[in-house]
>>> print(open('input-v9.txt').read())   # compact mmCIF, C-alpha atoms
# COMPACT_ATOMS: atom_id res chain seq x y z
CA MET A 1 35.55 128.76 130.83
CA GLN A 2 37.51 127.21 133.72
CA ASP A 3 39.33 124.83 131.26
CA ILE A 4 40.75 127.67 129.20
CA LEU A 5 44.35 128.67 130.19
CA SER A 6 45.36 132.24 130.50
CA GLN A 7 48.26 133.68 128.53
CA GLU A 8 50.35 133.78 131.70
CA GLU A 9 49.76 130.06 132.34
CA ILE A 10 50.64 129.22 128.76
CA ASP A 11 53.95 131.14 129.07
CA LEU A 12 54.77 129.27 132.30
CA LEU A 13 54.17 125.89 130.66
CA ILE A 14 56.32 126.78 127.65
CA ARG A 15 59.14 127.99 129.91
CA ALA A 16 58.95 124.82 132.07
CA ALA A 17 59.08 122.58 129.02
CA SER A 18 62.01 124.36 127.38
CA GLU A 19 64.34 124.85 130.38
CA PRO A 20 65.23 121.13 130.90
CA ALA A 21 66.09 120.84 127.20
CA LEU A 22 68.32 123.92 127.44
CA ASP A 23 70.05 122.48 130.51
CA LEU A 24 70.61 119.20 128.69
CA ASP A 25 72.08 120.97 125.69
CA ARG A 26 74.32 123.03 127.97
CA ASP A 27 75.59 119.90 129.74
CA SER A 28 76.24 118.21 126.39
CA ASP A 29 78.24 121.22 125.13
CA GLU A 30 80.32 121.37 128.29
CA GLY A 31 81.10 117.66 128.07
CA SER A 32 82.21 117.85 124.43
CA ALA A 33 84.65 120.63 125.23
CA ASP A 34 86.46 118.39 127.73
CA ASP A 35 86.43 115.16 125.72
CA PRO A 36 89.30 114.64 123.23
CA LEU A 37 88.31 114.46 119.58
CA TYR A 38 89.21 111.33 117.62
CA ASP A 39 89.27 111.23 113.85
CA PHE A 40 88.28 107.70 112.82
CA SER A 41 89.40 108.39 109.25
CA ARG A 42 92.99 108.92 110.51
CA PRO A 43 93.58 106.30 113.24
CA ASN A 44 96.70 106.65 115.38
CA LYS A 45 98.87 103.67 114.52
CA PHE A 46 102.03 105.08 116.14
CA SER A 47 101.87 105.97 119.84
CA LYS A 48 103.95 108.69 121.48
CA GLU A 49 106.24 105.95 122.75
CA HIS A 50 106.76 104.69 119.20
CA ILE A 51 107.52 108.22 117.97
CA ARG A 52 110.12 108.72 120.72
CA ALA A 53 111.76 105.43 119.80
CA LEU A 54 111.86 106.38 116.10
CA HIS A 55 113.39 109.73 117.07
CA ARG A 56 116.13 107.97 119.01
CA ILE A 57 116.89 105.53 116.17
CA HIS A 58 117.19 108.24 113.55
CA GLU A 59 119.18 110.59 115.78
CA GLN A 60 121.76 107.83 116.05
CA PHE A 61 121.64 107.38 112.27
CA CYS A 62 122.14 111.13 111.70
CA ARG A 63 125.25 111.21 113.90
CA THR A 64 126.83 108.29 112.07
CA TYR A 65 125.86 109.52 108.61
CA THR A 66 127.12 113.03 109.36
CA GLY A 67 130.56 111.72 110.31
CA TYR A 68 130.81 109.39 107.32
CA MET A 69 129.72 111.93 104.70
CA SER A 70 131.91 114.68 106.19
CA ALA A 71 134.95 112.43 105.76
CA LYS A 72 133.89 111.24 102.30
CA LEU A 73 133.16 114.71 100.93
CA ARG A 74 136.03 116.33 102.85
CA HIS A 75 133.66 119.02 103.95
CA ARG A 76 131.44 119.61 106.95
CA VAL A 77 128.06 117.93 106.48
CA ASP A 78 125.27 118.32 109.04
CA VAL A 79 122.25 116.00 109.21
CA LYS A 80 119.72 116.35 112.06
CA VAL A 81 116.25 114.99 112.78
CA HIS A 82 113.74 117.78 112.15
CA THR A 83 110.30 116.23 112.72
CA ILE A 84 108.66 112.82 113.08
CA GLU A 85 104.93 112.56 112.46
CA GLN A 86 102.21 110.14 111.40
CA ILE A 87 100.40 110.96 108.15
CA LEU A 88 98.53 109.09 105.42
CA PHE A 89 100.55 107.66 102.55
CA GLY A 90 98.45 109.63 100.07
CA ASP A 91 99.24 112.89 101.86
CA PHE A 92 102.96 112.02 101.78
CA VAL A 93 102.91 111.40 98.02
CA ARG A 94 101.01 114.63 97.33
CA SER A 95 103.52 116.64 99.39
CA LEU A 96 106.50 115.57 97.26
CA PRO A 97 107.81 117.78 94.45
CA ASN A 98 108.06 116.45 90.92
CA PRO A 99 110.79 115.61 90.07
CA SER A 100 112.16 114.07 93.28
CA VAL A 101 114.94 111.57 93.92
CA LEU A 102 112.99 108.65 95.41
CA SER A 103 114.73 105.46 96.54
CA VAL A 104 112.52 102.48 97.37
CA TYR A 105 114.08 99.96 99.77
CA LYS A 106 113.03 96.43 100.61
CA VAL A 107 113.09 95.90 104.38
CA HIS A 108 114.32 92.36 105.06
CA PRO A 109 113.09 90.14 106.67
CA LEU A 110 109.83 92.14 106.82
CA GLU A 111 107.27 92.08 104.03
CA GLY A 112 107.29 95.72 103.07
CA TYR A 113 109.14 98.73 101.76
CA ALA A 114 110.56 102.04 102.91
CA ILE A 115 111.09 105.23 100.89
CA VAL A 116 113.96 107.71 101.13
CA GLN A 117 113.40 111.03 99.39
CA PHE A 118 116.13 113.52 98.40
CA THR A 119 115.40 116.80 96.71
CA PRO A 120 117.13 117.30 93.32
CA ASP A 121 119.17 120.14 94.87
CA ILE A 122 120.74 117.79 97.44
CA ALA A 123 121.29 115.06 94.83
CA PHE A 124 123.10 117.40 92.40
CA LEU A 125 125.10 118.99 95.21
CA LEU A 126 126.34 115.58 96.39
CA HIS A 127 127.08 114.46 92.84
CA ASP A 128 129.06 117.63 92.13
CA ARG A 129 131.09 117.28 95.32
CA LEU A 130 131.80 113.56 94.77
CA CYS A 131 133.04 114.33 91.24
CA GLY A 132 135.51 116.95 92.48
CA GLY A 133 133.37 120.09 92.29
CA ASP A 134 132.70 122.74 94.91
CA GLY A 135 129.27 121.35 95.81
CA ILE A 136 127.05 123.90 94.05
CA PRO A 137 123.43 122.85 93.35
CA MET A 138 121.85 123.17 89.92
CA ARG A 139 119.88 126.32 89.13
CA ARG A 140 117.00 124.35 87.58
CA SER A 141 115.62 121.09 88.92
CA ARG A 142 115.51 118.12 86.56
CA SER A 143 115.59 114.34 86.70
CA LEU A 144 118.93 112.61 87.20
CA THR A 145 120.83 111.11 84.28
CA ASP A 146 121.89 107.45 84.29
CA ILE A 147 125.46 108.40 85.20
CA GLU A 148 124.31 110.63 88.05
CA ILE A 149 122.05 107.85 89.37
CA ALA A 150 124.94 105.36 89.23
CA VAL A 151 127.22 107.69 91.23
CA LEU A 152 124.47 108.40 93.76
CA LYS A 153 123.68 104.69 94.22
CA ARG A 154 127.29 103.66 94.74
CA GLN A 155 128.56 106.59 96.80
CA VAL A 156 125.51 107.77 98.78
CA LEU A 157 122.51 105.44 98.84
CA SER A 158 124.41 102.21 99.52
CA VAL A 159 126.00 103.77 102.60
CA PHE A 160 122.68 105.34 103.60
CA SER A 161 120.97 101.93 103.69
CA SER A 162 123.86 100.27 105.52
CA LEU A 163 123.99 102.88 108.29
CA LEU A 164 120.19 102.90 108.57
CA SER A 165 120.28 99.14 109.10
CA ASP A 166 122.88 99.61 111.84
CA ALA A 167 120.71 102.22 113.57
CA TRP A 168 117.85 99.68 113.81
CA ARG A 169 120.01 96.94 115.38
CA ASP A 170 118.72 97.64 118.91
CA VAL A 171 115.15 97.01 117.75
CA SER A 172 115.46 94.29 115.12
CA GLU A 173 117.94 92.87 112.62
CA LEU A 174 116.67 94.77 109.60
CA GLU A 175 118.40 95.12 106.26
CA PHE A 176 117.44 97.96 103.91
CA GLU A 177 118.12 96.87 100.32
CA LEU A 178 117.72 99.35 97.45
CA ASP A 179 115.08 97.98 95.08
CA TYR A 180 114.55 100.77 92.54
CA MET A 181 114.57 104.53 92.07
CA GLU A 182 111.82 106.83 90.85
CA SER A 183 111.50 110.52 90.02
CA ASN A 184 107.71 110.92 89.81
CA PRO A 185 105.98 110.53 93.21
CA GLN A 186 102.71 109.48 91.53
CA PHE A 187 104.34 106.20 90.47
CA LEU A 188 104.92 105.08 94.08
CA GLN A 189 102.66 102.11 94.73
CA ILE A 190 104.08 100.55 97.90
CA ALA A 191 101.04 101.31 100.10
CA ALA A 192 97.37 102.25 99.89
CA GLU A 193 96.48 105.92 99.90
CA ARG A 194 94.89 105.77 103.39
CA ASP A 195 97.61 103.64 105.00
CA ALA A 196 99.32 105.26 108.00
CA VAL A 197 103.04 105.97 107.66
CA ALA A 198 105.71 107.40 109.95
CA LEU A 199 107.42 110.31 108.19
CA ILE A 200 110.91 111.15 109.46
CA THR A 201 112.15 114.50 108.13
CA MET A 202 115.85 115.35 108.47
CA ARG A 203 117.57 118.65 107.71
CA PHE A 204 120.64 118.26 105.50
CA SER A 205 123.20 121.10 105.34
CA LEU A 206 126.30 121.42 103.15
CA ASN A 207 128.02 124.69 102.24
CA GLU A 208 125.26 127.29 102.08
CA THR A 209 122.62 124.77 101.01
CA SER A 210 120.10 123.43 103.50
CA ASP A 211 117.23 121.14 102.53
CA MET A 212 115.18 118.19 103.75
CA ILE A 213 115.62 114.43 103.44
CA SER A 214 112.55 112.30 104.21
CA ILE A 215 112.20 108.66 105.25
CA CYS A 216 108.73 107.12 104.89
CA LEU A 217 108.07 103.97 106.96
CA PRO A 218 104.60 102.44 106.41
CA HIS A 219 102.91 100.99 109.48
CA ARG A 220 102.22 97.82 107.51
CA THR A 221 105.97 97.34 107.10
CA LEU A 222 106.83 97.87 110.79
CA GLU A 223 103.77 96.11 112.22
CA PRO A 224 105.56 92.78 113.00
CA ILE A 225 108.21 94.59 115.13
CA ILE A 226 106.16 97.56 116.37
CA LYS A 227 106.00 96.04 119.86
CA ASN A 228 109.80 96.33 120.08
CA LEU A 229 109.58 100.11 119.85
CA THR A 230 109.24 100.56 123.60
CA HIS A 231 111.32 102.32 126.23
CA ILE A 232 112.37 99.03 127.77
CA ARG A 233 113.61 97.68 124.46
CA MET A 234 115.23 100.90 123.33
CA PHE A 235 117.14 101.57 126.55
CA GLU A 236 118.62 98.11 126.83
CA SER A 237 121.55 99.45 124.84
CA LEU A 238 122.27 101.98 127.61
CA GLN A 239 123.27 99.24 130.06
CA GLN A 240 126.90 99.06 131.19
CA PRO A 241 129.10 97.55 128.43
CA ASP A 242 130.89 94.27 128.88
CA PRO A 243 134.43 95.00 130.23
CA GLN A 244 135.92 92.19 128.14
CA ARG A 245 134.43 93.64 124.96
CA VAL A 246 135.73 97.10 125.89
CA ALA A 247 139.24 95.73 126.47
CA LEU A 248 139.13 93.86 123.15
CA LEU A 249 137.96 97.00 121.33
CA LYS A 250 140.78 99.07 122.85
CA GLU A 251 143.32 96.45 121.81
CA GLN A 252 142.01 96.42 118.25
CA VAL A 253 142.06 100.22 118.03
CA ARG A 254 145.64 100.40 119.32
CA ALA A 255 146.74 97.78 116.80
CA ALA A 256 145.08 99.57 113.88
CA GLU A 257 147.44 100.97 111.26
CA VAL A 258 146.85 104.46 109.87
CA PRO A 259 148.83 106.22 107.11
CA VAL A 260 151.05 109.10 108.28
CA GLU A 261 152.40 111.51 105.67
CA VAL A 262 154.55 114.64 105.82
CA GLU A 263 153.85 117.21 103.12
CA LEU A 264 157.01 119.10 102.16
CA GLY A 265 155.18 121.57 99.96
CA ARG A 266 153.28 122.01 96.72
CA THR A 267 153.89 123.39 93.27
CA ALA A 268 152.31 123.50 89.83
CA VAL A 269 154.19 122.38 86.70
CA THR A 270 153.19 121.76 83.12
CA VAL A 271 152.87 118.24 81.77
CA GLY A 272 155.85 118.90 79.52
CA ASP A 273 158.08 119.89 82.47
CA LEU A 274 156.89 116.84 84.39
CA LEU A 275 157.84 114.53 81.51
CA ASP A 276 161.27 116.16 81.22
CA LEU A 277 162.21 115.66 84.89
CA ALA A 278 165.43 113.73 85.42
CA PRO A 279 167.58 112.74 88.43
CA GLY A 280 169.29 115.82 89.84
CA ASP A 281 166.62 118.32 88.79
CA VAL A 282 165.38 120.74 91.44
CA VAL A 283 161.67 121.42 91.90
CA LEU A 284 160.76 124.64 93.70
CA LEU A 285 158.02 124.24 96.30
CA ASP A 286 155.76 126.86 97.87
CA ARG A 287 157.22 126.38 101.37
CA LYS A 288 160.44 127.85 102.77
CA LYS A 289 162.95 125.77 104.69
CA HIS A 290 162.29 127.51 108.03
CA GLU A 291 158.50 126.94 107.85
CA THR A 292 156.80 124.05 109.59
CA LEU A 293 155.50 121.09 107.63
CA ASP A 294 152.01 119.55 107.68
CA VAL A 295 151.82 116.06 109.16
CA LYS A 296 148.70 114.21 107.96
CA ILE A 297 146.85 111.26 109.42
CA GLY A 298 145.00 109.93 106.41
CA SER A 299 143.52 113.03 104.76
CA MET A 300 143.43 115.11 107.97
CA THR A 301 146.19 117.55 108.91
CA LYS A 302 146.76 116.68 112.57
CA PHE A 303 150.25 118.05 113.44
CA ASN A 304 152.84 120.62 112.43
CA GLY A 305 156.52 119.72 112.56
CA THR A 306 160.06 120.59 111.48
CA PRO A 307 162.25 118.33 109.32
CA GLY A 308 165.53 116.88 110.55
CA ARG A 309 167.72 113.79 110.78
CA LEU A 310 167.81 110.91 113.23
CA GLY A 311 171.06 109.11 112.51
CA ALA A 312 171.05 108.19 108.87
CA ARG A 313 167.29 108.67 108.53
CA PHE A 314 165.21 111.70 107.73
CA GLY A 315 162.49 112.55 110.19
CA VAL A 316 160.19 115.24 111.50
CA VAL A 317 159.80 116.65 115.01
CA ILE A 318 156.20 117.30 116.08
CA THR A 319 155.93 120.90 117.25
CA THR A 320 152.17 121.54 117.31
CA VAL A 321 149.09 119.39 117.81
CA LEU A 322 146.21 120.91 115.84
CA GLU A 323 142.67 120.99 117.18
CA PRO A 324 139.95 119.49 114.92
CA ALA A 325 138.56 122.95 114.06
CA GLU A 326 142.08 124.18 113.31
CA GLY A 327 143.32 121.22 111.32
CA GLY A 328 139.96 120.28 109.84
CA LEU A 329 139.49 118.12 106.81
CA ASP A 330 141.63 118.75 103.77
CA ASP A 331 139.36 120.07 101.03
CA GLU A 332 141.85 119.52 98.28
>>> encode(input="input-v9.txt", output="structure tokens")
Amino acid sequence: MQDILSQEEIDLLIRAASEPALDLDRDSDEGSADDPLYDFSRPNKFSKEHIRALHRIHEQFCRTYTGYMSAKLRHRVDVKVHTIEQILFGDFVRSLPNPSVLSVYKVHPLEGYAIVQFTPDIAFLLHDRLCGGDGIPMRRSRSLTDIEIAVLKRQVLSVFSSLLSDAWRDVSELEFELDYMESNPQFLQIAAERDAVALITMRFSLNETSDMISICLPHRTLEPIIKNLTHIRMFESLQQPDPQRVALLKEQVRAAEVPVEVELGRTAVTVGDLLDLAPGDVVLLDRKKHETLDVKIGSMTKFNGTPGRLGARFGVVITTVLEPAEGGLDDE
């Protein structure tokens, strides 16, 4: 009878055996809360330093592209970096609408490709503006026609690739060459579905339309130069410029020739009246003789002035220097 345990002794043994296990579980739970989680199915190929460098490169590209397209379209265009993130190539493809305007670029001298994605709304808006329209997007999305693709390639995408190459000059001498265009995202086969890519999303604004432009850079493409995406490499360009190069640049700018025109006024006539014009005919303009005239530098109205004579020559006296917001770009 002495070998038989009482109920109280049994309870004590059970409690003693279970408490260390509970403490171990508690310690394990506390440790897992502090440790960062790592998803081995989605490895981080781009570090925070790489993302910051990509942000800097594409901010520079956006500034240059904004200025160029504003002058080309004669209307204010705004392009800004919205987000930069690492995702899987398969997730990128599934996120794209069908149809899309997809441009696939070869990245020389690297062995790989990059993708630039426009929405159909942006593509039609740019096409309309380049062809003399007001820049109004289509009501229904559809694939581009051959003529629309030709205009987009020549007037938009060629400049896009050139300025993107310039933005990468501080990292590596890359050249983005347009290889082909596609409208169905499912036909993109430049990377495996689980390959990591850097997705740069930029917000494009023109008139009342605002939409996104995306640049997809596979890690496989950038891998040979990924080590150059460091703070040391990226900030080398912030060193003091060479004084001789600055002096040479100033000299070249001062020697540059720009067209200067004085607009006396405007009017509308029929083709028949235009064909019947002869020496001595008077054409009535929409501007009175006491009003100031617009003086244009290229397509931009920069000054106001009054007409007059200087000896035997006609001339104009500058009376007002217009601010950029006041003069703006001529939309007509």
>>> closest_atom_pairs(input="input-v9.txt", of="range 142-249 of chain A", to="range 132-138 of chain A", cutoff="12 Å", atoms="all atoms listed in the file", output="tab-separated table")
residue	atom	partner	partner_atom	distance
A:Arg142	CA	A:Met138	CA	8.8
A:Ser143	CA	A:Met138	CA	11.3
A:Leu144	CA	A:Met138	CA	11.3
A:Ser205	CA	A:Gly135	CA	11.3
A:Leu206	CA	A:Gly135	CA	7.9
A:Asn207	CA	A:Gly135	CA	7.4
A:Glu208	CA	A:Ile136	CA	8.9
A:Thr209	CA	A:Pro137	CA	7.9
A:Ser210	CA	A:Pro137	CA	10.7
A:Asp211	CA	A:Pro137	CA	11.2
>>> closest_residue(input="input-v9.txt", among="A:Ile149, A:Ser6, A:Phe118, A:Ala167", to="Phe61 in chain A", atoms="all atoms listed in the file")
A:Ala167
>>> residues_near_point(input="input-v9.txt", point="(124.2, 115.4, 93.3)", cutoff="10 Å", atoms="only C-alpha atoms", output="list in words")
Phe118, Thr119, Pro120, Asp121, Ile122, Ala123, Phe124, Leu125, Leu126, His127, Asp128, Arg129, Leu130, Cys131, Gly135, Ile136, Pro137, Met138, Leu144, Glu148, Ile149, Val151, Leu152 and Val156 of chain A
>>> atom_distance(input="input-v9.txt", atom1="CA of Thr201 in chain A", atom2="CA of His50 in chain A")
15.7 Å
>>> atom_distance(input="input-v9.txt", atom1="CA of Val171 in chain A", atom2="CA of Leu229 in chain A")
6.7 Å
>>> residues_around(input="input-v9.txt", residues="Leu164 in chain A", least_positions_apart="2", cutoff="8 Å", atoms="all atoms listed in the file", output="list in words")
His58, Phe61, Phe160, Ser161, Ser162, Asp166, Ala167, Trp168 and Phe176 of chain A
>>> closest_residue(input="input-v9.txt", among="A:Thr301, A:Thr320, A:Thr306, A:Gln244", to="Lys288 in chain A", atoms="all atoms listed in the file")
A:Thr306
>>> residues_around(input="input-v9.txt", residues="Asn184 in chain A", least_positions_apart="3", cutoff="7 Å", atoms="all atoms listed in the file", output="list in words")
Asn98, Pro99, Ser100 and Phe187 of chain A
>>> atom_distance(input="input-v9.txt", atom1="CA of Thr230 in chain A", atom2="CA of Arg52 in chain A")
8.7 Å
>>> closest_residue(input="input-v9.txt", among="A:Phe303, A:His290, A:Asp195, A:Asp281", to="Glu263 in chain A", atoms="all atoms listed in the file")
A:Phe303
>>> residues_near_point(input="input-v9.txt", point="(129.4, 118.8, 106.6)", cutoff="10 Å", atoms="all atoms listed in the file", output="list in words")
Thr66, Gly67, Tyr68, Met69, Ser70, Ala71, Lys72, Leu73, Arg74, His75, Arg76, Val77, Asp78, Val79, Phe204, Ser205, Leu206 and Asn207 of chain A
>>> closest_residue(input="input-v9.txt", among="A:Leu199, A:Val116, A:Ile10, A:Val93", to="Ser158 in chain A", atoms="all atoms listed in the file")
A:Val116
>>> closest_residue(input="input-v9.txt", among="A:Asp242, A:Glu49, A:Glu111, A:Asp91", to="Arg220 in chain A", atoms="all atoms listed in the file")
A:Glu111
>>> closest_residue(input="input-v9.txt", among="A:Glu173, A:Asp294, A:Glu85, A:Glu251", to="Leu264 in chain A", atoms="only C-alpha atoms")
A:Asp294
>>> decode(input="input-v9.txt", residues="range 239-265 of chain A", atoms="N, CA, C and O atoms", output="PDB file, in the first residue's frame")
ATOM      1  N   GLN A 239      29.456  65.906 -56.734  1.00  0.00           N
ATOM      2  CA  GLN A 239      30.695  66.597 -56.485  1.00  0.00           C
ATOM      3  C   GLN A 239      30.726  67.915 -57.248  1.00  0.00           C
ATOM      4  O   GLN A 239      29.975  68.135 -58.193  1.00  0.00           O
ATOM      5  N   GLN A 240      31.630  68.820 -56.848  1.00  0.00           N
ATOM      6  CA  GLN A 240      31.712  70.121 -57.486  1.00  0.00           C
ATOM      7  C   GLN A 240      32.068  69.965 -58.958  1.00  0.00           C
ATOM      8  O   GLN A 240      32.979  69.209 -59.320  1.00  0.00           O
ATOM      9  N   PRO A 241      31.375  70.645 -59.869  1.00  0.00           N
ATOM     10  CA  PRO A 241      31.657  70.508 -61.299  1.00  0.00           C
ATOM     11  C   PRO A 241      32.993  71.133 -61.666  1.00  0.00           C
ATOM     12  O   PRO A 241      33.508  72.016 -60.972  1.00  0.00           O
ATOM     13  N   ASP A 242      33.520  70.679 -62.774  1.00  0.00           N
ATOM     14  CA  ASP A 242      34.786  71.195 -63.284  1.00  0.00           C
ATOM     15  C   ASP A 242      34.581  72.629 -63.766  1.00  0.00           C
ATOM     16  O   ASP A 242      33.742  72.871 -64.646  1.00  0.00           O
ATOM     17  N   PRO A 243      35.343  73.618 -63.248  1.00  0.00           N
ATOM     18  CA  PRO A 243      35.153  75.018 -63.672  1.00  0.00           C
ATOM     19  C   PRO A 243      35.346  75.209 -65.171  1.00  0.00           C
ATOM     20  O   PRO A 243      34.665  76.040 -65.782  1.00  0.00           O
ATOM     21  N   GLN A 244      36.271  74.477 -65.776  1.00  0.00           N
ATOM     22  CA  GLN A 244      36.495  74.623 -67.214  1.00  0.00           C
ATOM     23  C   GLN A 244      35.280  74.161 -68.012  1.00  0.00           C
ATOM     24  O   GLN A 244      34.897  74.797 -69.007  1.00  0.00           O
ATOM     25  N   ARG A 245      34.658  73.064 -67.547  1.00  0.00           N
ATOM     26  CA  ARG A 245      33.464  72.581 -68.244  1.00  0.00           C
ATOM     27  C   ARG A 245      32.307  73.547 -68.071  1.00  0.00           C
ATOM     28  O   ARG A 245      31.516  73.764 -68.995  1.00  0.00           O
ATOM     29  N   VAL A 246      32.204  74.174 -66.894  1.00  0.00           N
ATOM     30  CA  VAL A 246      31.148  75.166 -66.661  1.00  0.00           C
ATOM     31  C   VAL A 246      31.342  76.370 -67.568  1.00  0.00           C
ATOM     32  O   VAL A 246      30.387  76.891 -68.173  1.00  0.00           O
ATOM     33  N   ALA A 247      32.579  76.841 -67.686  1.00  0.00           N
ATOM     34  CA  ALA A 247      32.868  78.000 -68.546  1.00  0.00           C
ATOM     35  C   ALA A 247      32.558  77.671 -70.001  1.00  0.00           C
ATOM     36  O   ALA A 247      31.996  78.505 -70.736  1.00  0.00           O
ATOM     37  N   LEU A 248      32.924  76.457 -70.428  1.00  0.00           N
ATOM     38  CA  LEU A 248      32.645  76.048 -71.811  1.00  0.00           C
ATOM     39  C   LEU A 248      31.146  75.966 -72.065  1.00  0.00           C
ATOM     40  O   LEU A 248      30.652  76.392 -73.121  1.00  0.00           O
ATOM     41  N   LEU A 249      30.396  75.437 -71.077  1.00  0.00           N
ATOM     42  CA  LEU A 249      28.945  75.339 -71.230  1.00  0.00           C
ATOM     43  C   LEU A 249      28.310  76.713 -71.328  1.00  0.00           C
ATOM     44  O   LEU A 249      27.421  76.945 -72.160  1.00  0.00           O
ATOM     45  N   LYS A 250      28.756  77.655 -70.488  1.00  0.00           N
ATOM     46  CA  LYS A 250      28.222  79.023 -70.553  1.00  0.00           C
ATOM     47  C   LYS A 250      28.496  79.652 -71.913  1.00  0.00           C
ATOM     48  O   LYS A 250      27.638  80.338 -72.480  1.00  0.00           O
ATOM     49  N   GLU A 251      29.699  79.430 -72.426  1.00  0.00           N
ATOM     50  CA  GLU A 251      30.055  80.003 -73.728  1.00  0.00           C
ATOM     51  C   GLU A 251      29.167  79.437 -74.833  1.00  0.00           C
ATOM     52  O   GLU A 251      28.704  80.165 -75.722  1.00  0.00           O
ATOM     53  N   GLN A 252      28.916  78.129 -74.770  1.00  0.00           N
ATOM     54  CA  GLN A 252      28.070  77.505 -75.788  1.00  0.00           C
ATOM     55  C   GLN A 252      26.633  77.983 -75.701  1.00  0.00           C
ATOM     56  O   GLN A 252      25.967  78.176 -76.723  1.00  0.00           O
ATOM     57  N   VAL A 253      26.133  78.186 -74.467  1.00  0.00           N
ATOM     58  CA  VAL A 253      24.760  78.670 -74.303  1.00  0.00           C
ATOM     59  C   VAL A 253      24.633  80.093 -74.835  1.00  0.00           C
ATOM     60  O   VAL A 253      23.660  80.438 -75.523  1.00  0.00           O
ATOM     61  N   ARG A 254      25.615  80.938 -74.526  1.00  0.00           N
ATOM     62  CA  ARG A 254      25.557  82.330 -75.003  1.00  0.00           C
ATOM     63  C   ARG A 254      25.644  82.410 -76.519  1.00  0.00           C
ATOM     64  O   ARG A 254      25.089  83.332 -77.134  1.00  0.00           O
ATOM     65  N   ALA A 255      26.340  81.478 -77.135  1.00  0.00           N
ATOM     66  CA  ALA A 255      26.491  81.494 -78.591  1.00  0.00           C
ATOM     67  C   ALA A 255      25.325  80.831 -79.319  1.00  0.00           C
ATOM     68  O   ALA A 255      25.254  80.892 -80.550  1.00  0.00           O
ATOM     69  N   ALA A 256      24.428  80.197 -78.566  1.00  0.00           N
ATOM     70  CA  ALA A 256      23.296  79.510 -79.200  1.00  0.00           C
ATOM     71  C   ALA A 256      22.346  80.511 -79.836  1.00  0.00           C
ATOM     72  O   ALA A 256      22.100  81.597 -79.294  1.00  0.00           O
ATOM     73  N   GLU A 257      21.830  80.157 -80.996  1.00  0.00           N
ATOM     74  CA  GLU A 257      20.878  81.009 -81.709  1.00  0.00           C
ATOM     75  C   GLU A 257      19.462  80.501 -81.484  1.00  0.00           C
ATOM     76  O   GLU A 257      19.199  79.297 -81.605  1.00  0.00           O
ATOM     77  N   VAL A 258      18.565  81.414 -81.140  1.00  0.00           N
ATOM     78  CA  VAL A 258      17.159  81.076 -80.932  1.00  0.00           C
ATOM     79  C   VAL A 258      16.302  81.987 -81.808  1.00  0.00           C
ATOM     80  O   VAL A 258      16.636  83.158 -82.011  1.00  0.00           O
ATOM     81  N   PRO A 259      15.210  81.468 -82.357  1.00  0.00           N
ATOM     82  CA  PRO A 259      14.338  82.307 -83.208  1.00  0.00           C
ATOM     83  C   PRO A 259      13.516  83.283 -82.368  1.00  0.00           C
ATOM     84  O   PRO A 259      12.959  82.930 -81.332  1.00  0.00           O
ATOM     85  N   VAL A 260      13.491  84.542 -82.802  1.00  0.00           N
ATOM     86  CA  VAL A 260      12.705  85.592 -82.147  1.00  0.00           C
ATOM     87  C   VAL A 260      11.696  86.121 -83.169  1.00  0.00           C
ATOM     88  O   VAL A 260      12.080  86.535 -84.267  1.00  0.00           O
ATOM     89  N   GLU A 261      10.429  86.097 -82.806  1.00  0.00           N
ATOM     90  CA  GLU A 261       9.377  86.541 -83.710  1.00  0.00           C
ATOM     91  C   GLU A 261       8.473  87.543 -83.002  1.00  0.00           C
ATOM     92  O   GLU A 261       8.258  87.446 -81.794  1.00  0.00           O
ATOM     93  N   VAL A 262       7.952  88.492 -83.776  1.00  0.00           N
ATOM     94  CA  VAL A 262       6.981  89.465 -83.274  1.00  0.00           C
ATOM     95  C   VAL A 262       5.672  89.219 -84.002  1.00  0.00           C
ATOM     96  O   VAL A 262       5.619  89.272 -85.233  1.00  0.00           O
ATOM     97  N   GLU A 263       4.624  88.931 -83.242  1.00  0.00           N
ATOM     98  CA  GLU A 263       3.324  88.642 -83.832  1.00  0.00           C
ATOM     99  C   GLU A 263       2.507  89.925 -83.890  1.00  0.00           C
ATOM    100  O   GLU A 263       2.152  90.505 -82.860  1.00  0.00           O
ATOM    101  N   LEU A 264       2.203  90.389 -85.097  1.00  0.00           N
ATOM    102  CA  LEU A 264       1.447  91.626 -85.277  1.00  0.00           C
ATOM    103  C   LEU A 264      -0.035  91.434 -84.994  1.00  0.00           C
ATOM    104  O   LEU A 264      -0.727  92.385 -84.617  1.00  0.00           O
ATOM    105  N   GLY A 265      -0.529  90.238 -85.172  1.00  0.00           N
ATOM    106  CA  GLY A 265      -1.947  89.980 -84.943  1.00  0.00           C
ATOM    107  C   GLY A 265      -2.381  88.751 -85.720  1.00  0.00           C
ATOM    108  O   GLY A 265      -1.585  88.135 -86.434  1.00  0.00           O
TER     109      GLY A 265
END
